[in-house]
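Engineer: First the structure, which I've put down as structure tokens, then a few questions once you've had a look.
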Amino acid sequence: MIRAATVLAAFGVCIAFAQAPDLSKMDIVLQSVPDGPVAVVNGHPIDARVFKDVYMRDLLGWAQLNSREVPDEERLGIAINSLRMLVEREVLYQEAVKRNLTVSDAELQKVWAEQIADLKKRVTKPGESELTEAQVLEKANTSREEALKELRYAMMVDLVRDAIIKENGVTVSDAEVTEWFGKNKDMTKRPDMLRLSQIYFRRDTSREDIKKEAAKQKATDAYNKIKSGQSFEGVARAVSEGQYKDKGGEWPVLPTTDFPDFVQQAVATMKPGDVSAPIESKEGWHILKLLEAIPGQEGNLETSKDRIQKMLLAQKGARAINEFCSTITSDSGKVRVYLDLESQLRLRPDLIQKLGKGEAAANGARNGTAPKAPASPKK
């Protein structure tokens, strides 16, 4: 089972990060990164650049998930987990080399082709020609050689990871699945979902006096075209300024509560096929078409069984891998950490309390093994 599919996904996040707000300004973690390696595992260094890439990727992920600035205690927790992941990954890579596991050039090129094709689609903006491989790599600030090297490394780690899990006889029984479902039935509920299409016109923020009327007029003209018989999808493709215009304005299917309040209020009185009059929001003007309202469902063991089994297998597998790696990661003679988070904690004792681990947090900052502070709920 190849999990290296996340390698180029990380490049995609790096591309997104280049266009995101500056999360690194006066970063408490980046101030602690040494000029040399952040850690050394059995004599093999983990480059500071690699750590920064992983840390910034996870930092951006947290910011996007929670829609707010990342507090310092979360930055420390993310850094500790990023470092711990890199140390564990190096331990596994060294074990793969020790076992003479290999990835053939044919296997490498096959996975590379799949990943680069997927990444091209995800980073190409709607309405633009698909980026070339060279353009994608340029945006990700990497070379083909470096990307292939990282991909081979990740595939080697996957091979030994799967071997260790198999050797530990990791399985999940039907009884375990049933027990988990009984205790967590509410988590398997499917919420009410919506299929919607939208035609959207953004405000012109450069002209305060005309921004509202210009967007409103565009929305009115588009609505009149639909009322006169033109298809919603055709008008969306022609004039919408929304991100899904090339799909006729159709959004991904999402839980009803994930949509903005003005959308929920509008569709509450609509039937499938109905088109709303233009609706104003703080972002601009919207015309909505309700495609389908999908009622939620109570949790069901049969429909949830496969998903629960995969989740429990992943949890057991992670424990097996952690136990395998701990014989090395817990040995200070084999793993040396140079990321100096401890000095930042000495300056900020309040962060130790926020991390919730007291002395364990300080020790974790010293050796890269402290658990991550729990993520705050999305606001």
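Going through the structure tokens in order, the chains are called A, B, and so on, while each chain numbers its residues from 1 and the ligands are numbered from 1 in the order shown.
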Find the residues around Arg161 in chain A up to 12 Å (only C-alpha atoms counted), leave out those fewer than 5 positions away in its own chain, and share them as a compact mmCIF listing (two decimals) with N, CA and C atoms, in the first residue's frame.

Structural biologist:
# COMPACT_ATOMS: atom_id res chain seq x y z
N MET A 1 0.86 -1.20 0.00
CA MET A 1 0.00 0.00 0.00
C MET A 1 0.89 1.24 0.00
N ILE A 2 0.80 2.05 -1.05
CA ILE A 2 1.67 3.21 -1.19
C ILE A 2 1.00 4.46 -0.65
N ARG A 3 1.62 5.01 0.40
CA ARG A 3 1.11 6.26 0.94
C ARG A 3 1.94 7.44 0.45
N ALA A 4 2.91 7.16 -0.43
CA ALA A 4 3.76 8.23 -0.94
C ALA A 4 2.98 9.21 -1.80
N GLU A 88 11.04 9.82 12.95
CA GLU A 88 10.50 8.47 12.75
C GLU A 88 10.66 8.03 11.31
N ARG A 89 10.45 8.94 10.39
CA ARG A 89 10.58 8.61 8.98
C ARG A 89 12.02 8.22 8.65
N GLU A 90 12.99 8.93 9.21
CA GLU A 90 14.39 8.59 8.97
C GLU A 90 14.74 7.24 9.57
N VAL A 91 14.20 6.93 10.74
CA VAL A 91 14.42 5.61 11.35
C VAL A 91 13.90 4.52 10.42
N LEU A 92 12.72 4.73 9.87
CA LEU A 92 12.12 3.74 8.98
C LEU A 92 12.91 3.62 7.67
N TYR A 93 13.37 4.72 7.15
CA TYR A 93 14.16 4.67 5.92
C TYR A 93 15.44 3.87 6.14
N GLN A 94 16.10 4.13 7.26
CA GLN A 94 17.33 3.38 7.56
C GLN A 94 17.04 1.89 7.72
N GLU A 95 15.88 1.56 8.27
CA GLU A 95 15.50 0.15 8.41
C GLU A 95 15.24 -0.47 7.03
N ALA A 96 14.64 0.30 6.12
CA ALA A 96 14.40 -0.20 4.77
C ALA A 96 15.71 -0.50 4.06
N ARG A 99 17.20 -3.66 5.39
CA ARG A 99 16.51 -4.85 4.90
C ARG A 99 16.67 -5.05 3.40
N LEU A 101 15.42 -3.34 1.03
CA LEU A 101 14.20 -3.06 0.28
C LEU A 101 14.52 -2.03 -0.81
N ALA A 154 10.11 8.31 0.23
CA ALA A 154 8.80 8.07 0.84
C ALA A 154 8.29 6.67 0.51
N MET A 155 8.52 6.19 -0.71
CA MET A 155 8.08 4.85 -1.08
C MET A 155 8.84 3.77 -0.33
N MET A 156 10.12 4.03 -0.07
CA MET A 156 10.92 3.10 0.75
C MET A 156 10.37 3.02 2.17
N LYS A 166 2.73 -5.84 9.06
CA LYS A 166 2.42 -7.24 8.77
C LYS A 166 3.08 -8.18 9.77
N GLU A 167 4.33 -7.89 10.11
CA GLU A 167 5.07 -8.73 11.07
C GLU A 167 4.42 -8.71 12.45
N ASN A 168 3.75 -7.60 12.77
CA ASN A 168 3.09 -7.50 14.08
C ASN A 168 1.68 -8.08 14.06
N VAL A 170 -1.08 -7.10 12.67
CA VAL A 170 -2.12 -6.11 12.96
C VAL A 170 -3.40 -6.46 12.19
N ALA A 314 -5.55 1.62 10.89
CA ALA A 314 -4.57 2.71 10.85
C ALA A 314 -4.07 3.03 12.26
N GLY A 317 -1.85 0.17 13.40
CA GLY A 317 -0.61 0.21 12.65
C GLY A 317 0.31 1.30 13.14
N ALA A 318 -0.27 2.48 13.45
CA ALA A 318 0.53 3.60 13.95
C ALA A 318 1.18 3.24 15.28
N ARG A 319 0.45 2.52 16.14
CA ARG A 319 1.03 2.11 17.42
C ARG A 319 2.19 1.13 17.21
N ALA A 320 2.02 0.21 16.27
CA ALA A 320 3.08 -0.76 15.99
C ALA A 320 4.34 -0.06 15.47
N ILE A 321 4.14 0.92 14.60
CA ILE A 321 5.27 1.66 14.05
C ILE A 321 5.96 2.47 15.15
N ASN A 322 5.14 3.11 15.99
CA ASN A 322 5.70 3.92 17.08
C ASN A 322 6.52 3.06 18.03
N GLU A 323 6.02 1.88 18.35
CA GLU A 323 6.76 0.98 19.24
C GLU A 323 8.06 0.54 18.61
N PHE A 324 8.03 0.26 17.31
CA PHE A 324 9.25 -0.15 16.62
C PHE A 324 10.29 0.97 16.66
N CYS A 325 9.86 2.17 16.35
CA CYS A 325 10.79 3.30 16.27
C CYS A 325 11.28 3.76 17.63

Engineer: Ile116 in chain A: which residues within 8 Å, counting only C-alpha atoms, same-chain residues fewer than 3 positions away excluded, as a list in words?

Structural biologist: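 Everything that qualifies: Leu8, Trp112, Ala113, Leu119, Lys120 and Glu133 of chain A.
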
Engineer: Taking N, CA and C atoms for each residue, export the selection above as a PDB file, in the first residue's frame.

Structural biologist:
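result.pdb was written with the following content:
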ATOM      1  N   LEU A   8       3.817  14.685  -3.406  1.00  0.00           N
ATOM      2  CA  LEU A   8       3.567  15.842  -4.254  1.00  0.00           C
ATOM      3  C   LEU A   8       2.411  16.675  -3.742  1.00  0.00           C
ATOM      4  N   TRP A 112       5.165   8.614  -9.918  1.00  0.00           N
ATOM      5  CA  TRP A 112       5.451  10.008 -10.266  1.00  0.00           C
ATOM      6  C   TRP A 112       4.443  10.526 -11.286  1.00  0.00           C
ATOM      7  N   ALA A 113       4.189   9.733 -12.331  1.00  0.00           N
ATOM      8  CA  ALA A 113       3.254  10.162 -13.372  1.00  0.00           C
ATOM      9  C   ALA A 113       1.863  10.385 -12.801  1.00  0.00           C
ATOM     10  N   LEU A 119      -1.490  16.658  -9.418  1.00  0.00           N
ATOM     11  CA  LEU A 119      -1.087  17.975  -8.934  1.00  0.00           C
ATOM     12  C   LEU A 119      -1.324  19.050  -9.988  1.00  0.00           C
ATOM     13  N   LYS A 120      -1.111  18.715 -11.257  1.00  0.00           N
ATOM     14  CA  LYS A 120      -1.380  19.672 -12.329  1.00  0.00           C
ATOM     15  C   LYS A 120      -2.827  20.147 -12.273  1.00  0.00           C
ATOM     16  N   GLU A 133       4.603  20.124 -16.336  1.00  0.00           N
ATOM     17  CA  GLU A 133       5.359  19.589 -15.196  1.00  0.00           C
ATOM     18  C   GLU A 133       6.409  20.589 -14.741  1.00  0.00           C
TER      19      GLU A 133
END

Engineer: Taking only residues of range 139-202 of chain A that have an atom at most 12 Å from an atom of range 33-51 of chain A, what is each one's shortest atom pair and its distance in Å to one decimal, using only C-alpha atoms, in chain and number order, as CSV?

Structural biologist:
residue,atom,partner,partner_atom,distance
A:Thr142,CA,A:Val50,CA,11.9
A:Glu146,CA,A:Val50,CA,11.7
A:Glu150,CA,A:Val50,CA,10.3

Engineer: Could you please determine the separation between CA of Thr178 in chain A and CA of Ala163 in chain A in Å, to one decimal place?

Structural biologist: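 Computed distance, CA of Thr178 in chain A to CA of Ala163 in chain A, equals 27.3 Å.
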
Engineer: Determine the nearest neighbour of Ser82 in chain A from the options A:Val29, A:Ser104, A:Val177, A:Ser332, counting only C-alpha atoms.

Structural biologist: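 Nearest candidate to Ser82 in chain A out of A:Val29, A:Ser104, A:Val177, A:Ser332: A:Val29.
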
Engineer: Counting only C-alpha atoms, what is within 10 Å of Ser240 in chain A, bar same-chain residues fewer than 6 positions away, as a list in words?

Structural biologist: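 Near Ser240 in chain A, the qualifying residues are Gln198, Ile199, Tyr200, Phe201, Arg202, Lys218, Ala219, Ala222, Glu233, Gly234, Asp246, Gly248, Gly249, His286 and Ile287 of chain A.
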
Engineer: In range 217-317 of chain A, what's strand (DSSP E or B) per DSSP? Answer as a ChimeraX atom specification?

Structural biologist: /A:250,254-255,275,279-280,284-294,297

Engineer: Can you tell me which residues surround Leu194 in chain A at a distance of at most 10 Å, considering only C-alpha atoms, apart from same-chain residues fewer than 4 positions away, and format the answer as a VMD selection string?

Structural biologist: chain A and resid 251 to 259 264 267 290 to 295

Engineer: Mind the document's chain letters and residue numbers, and return as JSON, numbers by chain the residues of range 23-173 of chain A that DSSP labels helix (DSSP H, G or I).

Structural biologist: {"A": [30, 31, 32, 48, 49, 50, 51, 52, 53, 54, 55, 56, 57, 58, 59, 60, 61, 62, 63, 64, 65, 66, 72, 73, 74, 75, 76, 77, 78, 79, 80, 81, 82, 83, 84, 85, 86, 87, 88, 89, 90, 91, 92, 93, 94, 95, 96, 97, 98, 105, 106, 107, 108, 109, 110, 111, 112, 113, 114, 115, 116, 117, 118, 119, 120, 121, 122, 123, 133, 134, 135, 136, 137, 138, 139, 144, 145, 146, 147, 148, 149, 150, 151, 152, 153, 154, 155, 156, 157, 158, 159, 160, 161, 162, 163, 164, 165, 166, 167]}
